[in-house]
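Engineer: Please find run_32.txt (compact mmCIF, N, CA and C atoms) on the next line:
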# COMPACT_ATOMS: atom_id res chain seq x y z
N MET A 1 16.54 -2.25 -3.16
CA MET A 1 15.59 -1.33 -3.72
C MET A 1 14.54 -1.03 -2.64
N ASN A 2 14.15 0.25 -2.53
CA ASN A 2 13.09 0.65 -1.62
C ASN A 2 11.75 0.56 -2.34
N LEU A 3 10.77 -0.07 -1.70
CA LEU A 3 9.46 -0.28 -2.32
C LEU A 3 8.35 0.03 -1.33
N LEU A 4 7.36 0.76 -1.79
CA LEU A 4 6.19 1.10 -0.99
C LEU A 4 5.03 0.23 -1.46
N LEU A 5 4.51 -0.60 -0.57
CA LEU A 5 3.44 -1.52 -0.93
C LEU A 5 2.09 -0.83 -0.82
N ASP A 6 1.29 -0.95 -1.85
CA ASP A 6 -0.09 -0.49 -1.76
C ASP A 6 -0.80 -1.38 -0.74
N THR A 7 -1.84 -0.86 -0.13
CA THR A 7 -2.54 -1.56 0.95
C THR A 7 -2.94 -2.97 0.54
N HIS A 8 -3.56 -3.09 -0.64
CA HIS A 8 -4.06 -4.41 -1.03
C HIS A 8 -2.92 -5.41 -1.28
N ILE A 9 -1.79 -4.94 -1.77
CA ILE A 9 -0.65 -5.85 -1.97
C ILE A 9 -0.21 -6.41 -0.62
N PHE A 10 -0.10 -5.55 0.36
CA PHE A 10 0.29 -6.00 1.70
C PHE A 10 -0.72 -7.00 2.25
N LEU A 11 -2.00 -6.66 2.16
CA LEU A 11 -3.05 -7.55 2.70
C LEU A 11 -3.06 -8.88 1.96
N TRP A 12 -2.94 -8.84 0.64
CA TRP A 12 -2.92 -10.09 -0.13
C TRP A 12 -1.72 -10.95 0.25
N ALA A 13 -0.57 -10.32 0.43
CA ALA A 13 0.64 -11.06 0.76
C ALA A 13 0.48 -11.83 2.07
N VAL A 14 -0.34 -11.31 2.96
CA VAL A 14 -0.54 -11.95 4.26
C VAL A 14 -1.74 -12.88 4.28
N THR A 15 -2.82 -12.49 3.60
CA THR A 15 -4.08 -13.24 3.74
C THR A 15 -4.56 -13.96 2.49
N GLU A 16 -4.11 -13.53 1.32
CA GLU A 16 -4.57 -14.13 0.05
C GLU A 16 -3.39 -14.21 -0.92
N GLU A 17 -2.39 -14.96 -0.54
CA GLU A 17 -1.14 -15.02 -1.29
C GLU A 17 -1.34 -15.41 -2.76
N GLU A 18 -2.39 -16.14 -3.06
CA GLU A 18 -2.64 -16.55 -4.44
C GLU A 18 -2.90 -15.36 -5.37
N LYS A 19 -3.22 -14.20 -4.82
CA LYS A 19 -3.46 -13.00 -5.63
C LYS A 19 -2.17 -12.25 -5.97
N ILE A 20 -1.07 -12.68 -5.37
CA ILE A 20 0.21 -12.04 -5.63
C ILE A 20 0.87 -12.70 -6.84
N GLY A 21 1.24 -11.90 -7.82
CA GLY A 21 1.90 -12.41 -9.02
C GLY A 21 3.28 -12.97 -8.72
N ARG A 22 3.79 -13.78 -9.64
CA ARG A 22 5.09 -14.43 -9.44
C ARG A 22 6.23 -13.41 -9.30
N LYS A 23 6.25 -12.42 -10.17
CA LYS A 23 7.30 -11.40 -10.10
C LYS A 23 7.19 -10.61 -8.80
N THR A 24 5.98 -10.29 -8.42
CA THR A 24 5.76 -9.53 -7.18
C THR A 24 6.20 -10.36 -5.98
N LYS A 25 5.90 -11.64 -6.00
CA LYS A 25 6.31 -12.52 -4.90
C LYS A 25 7.83 -12.52 -4.76
N LYS A 26 8.54 -12.58 -5.88
CA LYS A 26 10.01 -12.56 -5.85
C LYS A 26 10.51 -11.23 -5.27
N ILE A 27 9.87 -10.15 -5.64
CA ILE A 27 10.23 -8.83 -5.12
C ILE A 27 10.05 -8.81 -3.60
N LEU A 28 8.91 -9.31 -3.14
CA LEU A 28 8.60 -9.29 -1.70
C LEU A 28 9.56 -10.18 -0.91
N GLU A 29 9.98 -11.27 -1.52
CA GLU A 29 10.85 -12.23 -0.82
C GLU A 29 12.33 -11.89 -0.91
N ASN A 30 12.69 -10.95 -1.76
CA ASN A 30 14.10 -10.58 -1.94
C ASN A 30 14.60 -9.83 -0.71
N PRO A 31 15.54 -10.41 0.04
CA PRO A 31 16.02 -9.76 1.27
C PRO A 31 16.79 -8.46 1.02
N ASN A 32 17.17 -8.21 -0.22
CA ASN A 32 17.87 -6.96 -0.55
C ASN A 32 16.92 -5.78 -0.72
N ASN A 33 15.62 -6.06 -0.81
CA ASN A 33 14.64 -4.98 -0.95
C ASN A 33 14.20 -4.49 0.43
N ASN A 34 14.03 -3.19 0.55
CA ASN A 34 13.49 -2.57 1.76
C ASN A 34 12.02 -2.29 1.49
N LEU A 35 11.15 -2.97 2.21
CA LEU A 35 9.71 -2.85 2.00
C LEU A 35 9.09 -1.89 3.01
N PHE A 36 8.20 -1.04 2.50
CA PHE A 36 7.51 -0.07 3.34
C PHE A 36 6.00 -0.19 3.11
N ILE A 37 5.26 0.18 4.12
CA ILE A 37 3.80 0.33 4.02
C ILE A 37 3.49 1.70 4.61
N SER A 38 2.62 2.42 3.97
CA SER A 38 2.26 3.73 4.47
C SER A 38 1.44 3.62 5.76
N ALA A 39 1.64 4.56 6.66
CA ALA A 39 0.81 4.62 7.86
C ALA A 39 -0.67 4.76 7.47
N VAL A 40 -0.93 5.36 6.33
CA VAL A 40 -2.32 5.51 5.88
C VAL A 40 -2.94 4.14 5.56
N SER A 41 -2.11 3.16 5.21
CA SER A 41 -2.63 1.81 4.94
C SER A 41 -3.17 1.15 6.21
N ILE A 42 -2.56 1.47 7.34
CA ILE A 42 -3.06 0.95 8.61
C ILE A 42 -4.43 1.56 8.90
N TRP A 43 -4.54 2.85 8.67
CA TRP A 43 -5.82 3.54 8.85
C TRP A 43 -6.86 2.98 7.87
N GLU A 44 -6.47 2.80 6.63
CA GLU A 44 -7.40 2.27 5.62
C GLU A 44 -7.89 0.88 6.01
N THR A 45 -6.99 0.06 6.52
CA THR A 45 -7.38 -1.29 6.94
C THR A 45 -8.38 -1.23 8.08
N ALA A 46 -8.16 -0.34 9.03
CA ALA A 46 -9.11 -0.18 10.14
C ALA A 46 -10.47 0.27 9.61
N TYR A 47 -10.46 1.18 8.64
CA TYR A 47 -11.71 1.65 8.04
C TYR A 47 -12.42 0.50 7.31
N LEU A 48 -11.67 -0.27 6.54
CA LEU A 48 -12.27 -1.41 5.83
C LEU A 48 -12.77 -2.48 6.80
N PHE A 49 -12.02 -2.69 7.87
CA PHE A 49 -12.42 -3.68 8.87
C PHE A 49 -13.74 -3.29 9.51
N GLU A 50 -13.95 -1.99 9.66
CA GLU A 50 -15.19 -1.48 10.24
C GLU A 50 -16.34 -1.51 9.23
N THR A 51 -16.08 -1.11 7.99
CA THR A 51 -17.15 -0.95 7.00
C THR A 51 -17.41 -2.19 6.15
N LYS A 52 -16.38 -3.01 5.93
CA LYS A 52 -16.51 -4.21 5.10
C LYS A 52 -15.75 -5.38 5.73
N PRO A 53 -16.11 -5.78 6.94
CA PRO A 53 -15.32 -6.79 7.65
C PRO A 53 -15.22 -8.13 6.92
N LYS A 54 -16.24 -8.50 6.16
CA LYS A 54 -16.20 -9.79 5.46
C LYS A 54 -15.28 -9.76 4.25
N ALA A 55 -14.96 -8.57 3.76
CA ALA A 55 -14.08 -8.45 2.60
C ALA A 55 -12.62 -8.71 2.99
N LEU A 56 -12.32 -8.52 4.26
CA LEU A 56 -10.95 -8.77 4.73
C LEU A 56 -10.87 -10.16 5.33
N LYS A 57 -9.76 -10.80 5.12
CA LYS A 57 -9.56 -12.16 5.63
C LYS A 57 -8.74 -12.12 6.93
N ILE A 58 -9.10 -11.20 7.80
CA ILE A 58 -8.38 -11.01 9.07
C ILE A 58 -9.22 -11.59 10.19
N LYS A 59 -8.64 -12.53 10.93
CA LYS A 59 -9.37 -13.27 11.95
C LYS A 59 -8.90 -12.96 13.37
N LYS A 60 -8.23 -11.84 13.56
CA LYS A 60 -7.70 -11.50 14.88
C LYS A 60 -7.80 -9.99 15.07
N PRO A 61 -7.58 -9.49 16.26
CA PRO A 61 -7.59 -8.03 16.44
C PRO A 61 -6.59 -7.36 15.49
N LEU A 62 -6.97 -6.21 14.97
CA LEU A 62 -6.13 -5.54 13.97
C LEU A 62 -4.72 -5.25 14.45
N ALA A 63 -4.57 -4.82 15.70
CA ALA A 63 -3.23 -4.51 16.20
C ALA A 63 -2.36 -5.76 16.17
N ASP A 64 -2.90 -6.90 16.55
CA ASP A 64 -2.15 -8.16 16.50
C ASP A 64 -1.82 -8.52 15.06
N PHE A 65 -2.80 -8.39 14.18
CA PHE A 65 -2.58 -8.68 12.76
C PHE A 65 -1.43 -7.85 12.21
N TRP A 66 -1.47 -6.54 12.42
CA TRP A 66 -0.45 -5.66 11.88
C TRP A 66 0.92 -5.96 12.48
N ASP A 67 0.98 -6.13 13.79
CA ASP A 67 2.27 -6.42 14.43
C ASP A 67 2.90 -7.68 13.84
N GLU A 68 2.12 -8.73 13.70
CA GLU A 68 2.63 -10.00 13.17
C GLU A 68 2.96 -9.90 11.68
N ALA A 69 2.09 -9.25 10.91
CA ALA A 69 2.29 -9.15 9.47
C ALA A 69 3.51 -8.30 9.12
N LEU A 70 3.73 -7.23 9.84
CA LEU A 70 4.90 -6.38 9.57
C LEU A 70 6.19 -7.16 9.78
N ILE A 71 6.24 -7.97 10.83
CA ILE A 71 7.42 -8.79 11.09
C ILE A 71 7.56 -9.88 10.03
N GLU A 72 6.45 -10.56 9.75
CA GLU A 72 6.47 -11.67 8.78
C GLU A 72 7.00 -11.23 7.42
N LEU A 73 6.57 -10.07 6.96
CA LEU A 73 6.96 -9.59 5.62
C LEU A 73 8.18 -8.66 5.63
N ARG A 74 8.75 -8.39 6.81
CA ARG A 74 9.89 -7.49 6.94
C ARG A 74 9.56 -6.10 6.40
N VAL A 75 8.41 -5.58 6.80
CA VAL A 75 7.93 -4.30 6.29
C VAL A 75 8.03 -3.23 7.38
N GLN A 76 8.50 -2.06 6.98
CA GLN A 76 8.58 -0.91 7.87
C GLN A 76 7.42 0.04 7.56
N VAL A 77 6.92 0.70 8.59
CA VAL A 77 5.85 1.69 8.39
C VAL A 77 6.48 3.02 7.99
N LEU A 78 5.99 3.58 6.90
CA LEU A 78 6.41 4.90 6.44
C LEU A 78 5.43 5.91 7.01
N ASN A 79 5.89 6.65 8.02
CA ASN A 79 5.01 7.63 8.66
C ASN A 79 4.72 8.79 7.72
N ILE A 80 3.64 9.47 7.98
CA ILE A 80 3.21 10.59 7.15
C ILE A 80 3.87 11.86 7.70
N THR A 81 4.55 12.59 6.82
CA THR A 81 5.23 13.82 7.21
C THR A 81 4.50 15.04 6.64
N THR A 82 4.92 16.23 7.06
CA THR A 82 4.34 17.45 6.52
C THR A 82 4.62 17.57 5.03
N GLN A 83 5.79 17.09 4.59
CA GLN A 83 6.12 17.11 3.15
C GLN A 83 5.15 16.23 2.37
N HIS A 84 4.82 15.07 2.92
CA HIS A 84 3.86 14.18 2.26
C HIS A 84 2.49 14.85 2.17
N CYS A 85 2.10 15.54 3.23
CA CYS A 85 0.79 16.22 3.23
C CYS A 85 0.76 17.35 2.22
N GLN A 86 1.86 18.09 2.09
CA GLN A 86 1.94 19.14 1.08
C GLN A 86 1.81 18.55 -0.31
N ARG A 87 2.49 17.44 -0.55
CA ARG A 87 2.43 16.78 -1.87
C ARG A 87 1.03 16.25 -2.13
N PHE A 88 0.37 15.70 -1.11
CA PHE A 88 -1.02 15.23 -1.22
C PHE A 88 -1.89 16.37 -1.74
N TYR A 89 -1.72 17.54 -1.16
CA TYR A 89 -2.49 18.72 -1.55
C TYR A 89 -2.22 19.11 -3.01
N GLU A 90 -0.97 18.99 -3.43
CA GLU A 90 -0.57 19.42 -4.78
C GLU A 90 -1.01 18.46 -5.88
N ILE A 91 -1.16 17.19 -5.55
CA ILE A 91 -1.50 16.19 -6.56
C ILE A 91 -2.98 16.26 -6.89
N GLN A 92 -3.27 16.44 -8.16
CA GLN A 92 -4.65 16.44 -8.60
C GLN A 92 -5.07 15.01 -8.94
N PRO A 93 -6.18 14.55 -8.36
CA PRO A 93 -6.62 13.17 -8.66
C PRO A 93 -6.93 13.00 -10.14
N VAL A 94 -6.59 11.84 -10.67
CA VAL A 94 -6.96 11.54 -12.05
C VAL A 94 -8.46 11.26 -12.08
N GLU A 95 -9.00 11.26 -13.28
CA GLU A 95 -10.44 11.06 -13.46
C GLU A 95 -10.93 9.77 -12.80
N ASN A 96 -12.04 9.87 -12.09
CA ASN A 96 -12.69 8.73 -11.43
C ASN A 96 -11.81 8.05 -10.38
N HIS A 97 -10.95 8.82 -9.76
CA HIS A 97 -10.10 8.25 -8.70
C HIS A 97 -10.14 9.20 -7.50
N SER A 98 -11.04 8.92 -6.58
CA SER A 98 -11.22 9.80 -5.43
C SER A 98 -10.77 9.17 -4.12
N ASP A 99 -10.03 8.09 -4.19
CA ASP A 99 -9.58 7.37 -2.99
C ASP A 99 -8.47 8.16 -2.30
N ILE A 100 -8.79 8.75 -1.13
CA ILE A 100 -7.79 9.58 -0.45
C ILE A 100 -6.65 8.75 0.13
N PHE A 101 -6.91 7.49 0.44
CA PHE A 101 -5.84 6.63 0.94
C PHE A 101 -4.80 6.41 -0.17
N ASP A 102 -5.28 6.11 -1.37
CA ASP A 102 -4.38 5.95 -2.51
C ASP A 102 -3.61 7.23 -2.76
N ARG A 103 -4.29 8.36 -2.66
CA ARG A 103 -3.64 9.63 -2.95
C ARG A 103 -2.50 9.91 -1.98
N MET A 104 -2.64 9.52 -0.72
CA MET A 104 -1.55 9.71 0.23
C MET A 104 -0.38 8.79 -0.10
N ILE A 105 -0.68 7.55 -0.49
CA ILE A 105 0.40 6.63 -0.89
C ILE A 105 1.14 7.22 -2.11
N ILE A 106 0.40 7.76 -3.05
CA ILE A 106 1.00 8.39 -4.23
C ILE A 106 1.83 9.60 -3.81
N ALA A 107 1.32 10.39 -2.89
CA ALA A 107 2.05 11.57 -2.39
C ALA A 107 3.35 11.16 -1.71
N GLN A 108 3.30 10.09 -0.93
CA GLN A 108 4.51 9.60 -0.28
C GLN A 108 5.53 9.11 -1.30
N SER A 109 5.06 8.39 -2.30
CA SER A 109 5.95 7.91 -3.35
C SER A 109 6.58 9.08 -4.10
N ALA A 110 5.76 10.07 -4.43
CA ALA A 110 6.26 11.24 -5.16
C ALA A 110 7.27 12.03 -4.32
N SER A 111 7.04 12.10 -3.02
CA SER A 111 7.93 12.86 -2.13
C SER A 111 9.25 12.15 -1.88
N THR A 112 9.22 10.84 -1.81
CA THR A 112 10.40 10.07 -1.42
C THR A 112 11.15 9.45 -2.60
N GLY A 113 10.46 9.30 -3.72
CA GLY A 113 11.05 8.61 -4.87
C GLY A 113 10.99 7.09 -4.75
N ILE A 114 10.26 6.61 -3.75
CA ILE A 114 10.12 5.16 -3.56
C ILE A 114 9.06 4.65 -4.53
N SER A 115 9.39 3.59 -5.27
CA SER A 115 8.43 2.99 -6.21
C SER A 115 7.30 2.31 -5.45
N VAL A 116 6.12 2.30 -6.04
CA VAL A 116 4.94 1.68 -5.44
C VAL A 116 4.66 0.35 -6.12
N VAL A 117 4.39 -0.67 -5.31
CA VAL A 117 3.96 -1.97 -5.84
C VAL A 117 2.44 -2.00 -5.69
N SER A 118 1.73 -2.10 -6.81
CA SER A 118 0.27 -2.02 -6.78
C SER A 118 -0.36 -2.75 -7.96
N ALA A 119 -1.57 -3.19 -7.76
CA ALA A 119 -2.37 -3.76 -8.85
C ALA A 119 -3.43 -2.77 -9.31
N ASP A 120 -3.46 -1.60 -8.70
CA ASP A 120 -4.46 -0.58 -8.99
C ASP A 120 -4.19 0.01 -10.38
N GLN A 121 -5.18 -0.05 -11.25
CA GLN A 121 -5.05 0.44 -12.63
C GLN A 121 -4.87 1.96 -12.70
N LYS A 122 -5.27 2.66 -11.64
CA LYS A 122 -5.18 4.13 -11.64
C LYS A 122 -3.77 4.63 -11.31
N PHE A 123 -3.00 3.87 -10.56
CA PHE A 123 -1.69 4.35 -10.12
C PHE A 123 -0.78 4.76 -11.28
N PRO A 124 -0.68 3.98 -12.37
CA PRO A 124 0.21 4.38 -13.47
C PRO A 124 -0.19 5.70 -14.14
N LEU A 125 -1.42 6.16 -13.90
CA LEU A 125 -1.86 7.42 -14.49
C LEU A 125 -1.21 8.63 -13.80
N TYR A 126 -0.64 8.41 -12.63
CA TYR A 126 0.08 9.46 -11.92
C TYR A 126 1.53 9.41 -12.37
N LYS A 127 1.87 10.25 -13.31
CA LYS A 127 3.17 10.19 -13.99
C LYS A 127 4.35 10.55 -13.09
N MET A 128 4.08 11.13 -11.92
CA MET A 128 5.18 11.55 -11.05
C MET A 128 5.74 10.41 -10.19
N ILE A 129 5.14 9.20 -10.32
CA ILE A 129 5.62 8.06 -9.53
C ILE A 129 5.95 6.88 -10.44
N LYS A 130 6.78 6.00 -9.91
CA LYS A 130 7.07 4.75 -10.62
C LYS A 130 6.24 3.65 -9.96
N VAL A 131 5.51 2.90 -10.79
CA VAL A 131 4.65 1.83 -10.29
C VAL A 131 5.17 0.49 -10.80
N ILE A 132 5.26 -0.44 -9.88
CA ILE A 132 5.59 -1.83 -10.24
C ILE A 132 4.30 -2.62 -10.14
N ALA A 133 3.84 -3.12 -11.28
CA ALA A 133 2.56 -3.83 -11.35
C ALA A 133 2.66 -5.18 -10.66
N ASN A 134 1.52 -5.68 -10.21
CA ASN A 134 1.44 -7.00 -9.58
C ASN A 134 1.42 -8.05 -10.67
N ASP A 135 2.60 -8.46 -11.13
CA ASP A 135 2.72 -9.47 -12.19
C ASP A 135 3.27 -10.76 -11.62
Kindly transcribe the structure held in the file into structure tokens.
Structural biologist:
Amino acid sequence: MNLLLDTHIFLWAVTEEEKIGRKTKKILENPNNNLFISAVSIWETAYLFETKPKALKIKKPLADFWDEALIELRVQVLNITTQHCQRFYEIQPVENHSDIFDRMIIAQSASTGISVVSADQKFPLYKMIKVIAND
């Protein structure tokens, strides 16, 4: 199964594993699953590292963290395409959800048909994607 990890799921899996639910952990550890992280998640992490460094449990340069974490979790980066950008433009944000990083992840999921693994309560409100909750 192809799965797109929301930024926080990826970060938790590497730095705060106790926040990952049992079912989600099994999904992440299943070698038959193809795991992806959006390129926008790398950008979001850099932004969070700059604006809220204490909120992240990253103790090394970001490039080193990402290189090691991608290998550790067997995750591929899903680059942003023109189709994803068009879908981003077409998707209307749900009420009280203005996170552009989330919106790009949703656009990528909608464009590719890849399910998103997320704990974000807003994601299921986007009916054009399939969300796997962090259980």
Engineer: Under the rule that all atoms listed in the file are counted, which of A:Val94, A:Leu5, A:Ile100, A:Val75 is the nearest residue to Ser115 (chain A)?
Structural biologist: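 Looking at the shortest contact to Ser115 (chain A), the residue is A:Leu5.
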Engineer: Among chain A, which residues does DSSP mark as strand (DSSP E or B) when it is run on the backbone? Keep the chain and numbering as in the structure and answer as a list in words.
Structural biologist: Asn2, Leu3, Leu4, Leu5, Asn34, Leu35, Phe36, Ile37, Ser38, Val75, Gln76, Val77, Leu78, Ser115, Val116, Val117, Ser118, Val131, Ile132 and Ala133 of chain A
Engineer: Please report the interatomic distance between CA of Ser38 (chain A) and atom N of Met104 (chain A) in Å with one decimal.
Structural biologist: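 Going from CA of Ser38 (chain A) over to atom N of Met104 (chain A), I get 9.2 Å.
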Engineer: If the box runs along x, y and z of the file and leaves 5 Å on each side of region 87-91 of chain A, what are its centre and edge lengths in Å, one decimal, as JSON?
Structural biologist:
{"center_x": -0.2, "center_y": 17.3, "center_z": -3.7, "size_x": 15.5, "size_y": 14.2, "size_z": 16.3}
Engineer: If you measure from atom C of Asp120 (chain A) to atom C of Leu62 (chain A), what distance in Å do you get, rounded to one decimal?
Structural biologist: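 Atom-to-atom, atom C of Asp120 (chain A) and atom C of Leu62 (chain A) are spaced 25.4 Å apart.
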Engineer: Hey, can you check how far CA of Gln86 (chain A) sits from CA of Pro124 (chain A)?
Structural biologist: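 About the pair CA of Gln86 (chain A) and CA of Pro124 (chain A): they are 20.8 Å apart.
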Engineer: Env of region 6-22 of chain A: 6 Å cut, atoms = only C-alpha atoms, seq-sep filter 5 positions within chain, self excluded. Answer as a ChimeraX atom specification.
Structural biologist: /A:41,57,117-118,134-135
Engineer: Please produce a file of those selected residues containing N, CA and C atoms, as a short mmCIF file (atom, residue, chain, number, x, y, z; two decimals), keeping the file's coordinate frame.
Structural biologist:
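Listed below is the output, selection25.cif:
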data_model
loop_
_atom_site.label_atom_id
_atom_site.label_comp_id
_atom_site.auth_asym_id
_atom_site.auth_seq_id
_atom_site.Cartn_x
_atom_site.Cartn_y
_atom_site.Cartn_z
N SER A 41 -2.11 3.16 5.21
CA SER A 41 -2.63 1.81 4.94
C SER A 41 -3.17 1.15 6.21
N LYS A 57 -9.76 -10.80 5.12
CA LYS A 57 -9.56 -12.16 5.63
C LYS A 57 -8.74 -12.12 6.93
N VAL A 117 4.39 -0.67 -5.31
CA VAL A 117 3.96 -1.97 -5.84
C VAL A 117 2.44 -2.00 -5.69
N SER A 118 1.73 -2.10 -6.81
CA SER A 118 0.27 -2.02 -6.78
C SER A 118 -0.36 -2.75 -7.96
N ASN A 134 1.52 -5.68 -10.21
CA ASN A 134 1.44 -7.00 -9.58
C ASN A 134 1.42 -8.05 -10.67
N ASP A 135 2.60 -8.46 -11.13
CA ASP A 135 2.72 -9.47 -12.19
C ASP A 135 3.27 -10.76 -11.62
#
Engineer: Which residues are close to Gln76 (chain A), i.e. within 6 Å by only N, CA and C atoms, leaving aside same-chain residues fewer than 2 positions away? Reply as a PyMOL selection string.
Structural biologist: chain A and resi 35-37+74+78
Engineer: Using only N, CA and C atoms, what residues lie at most 7 Å away from (20.9, -5.4, -4.6) (file coordinates), given as number ranges by chain?
Structural biologist: A: 1, 32-33
Engineer: Run DSSP on the backbone and grab whatever in chain A lands in helix (DSSP H, G or I); send it over as number ranges by chain.
Structural biologist: A: 7-15, 17-19, 22-29, 39-51, 53-55, 62-73, 82-90, 100-112, 123-125
Engineer: Here is a test: counting only C-alpha atoms, which residue of A:Ile106, A:Ala119, A:Leu3, A:Ile58 is nearest to Thr45 (chain A)?
Structural biologist: A:Ile58
Engineer: Contacts of Ile129 (chain A) at 7 Å or less, counting only C-alpha atoms, minus same-chain residues fewer than 3 places along, as a list in words?
Structural biologist: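 Final neighbour list, sorted by chain and number: Ser109, Ala110, Ser115 and Tyr126 of chain A.
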Engineer: Go through A:Lys54, A:Lys59, A:Lys130, A:Lys26 one by one, measure the shortest atom-to-atom distance of each to Gln108 (chain A) using only C-alpha atoms, and give the residue with the smallest value.
Structural biologist: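 Closest to Gln108 (chain A) of all the choices is A:Lys130.
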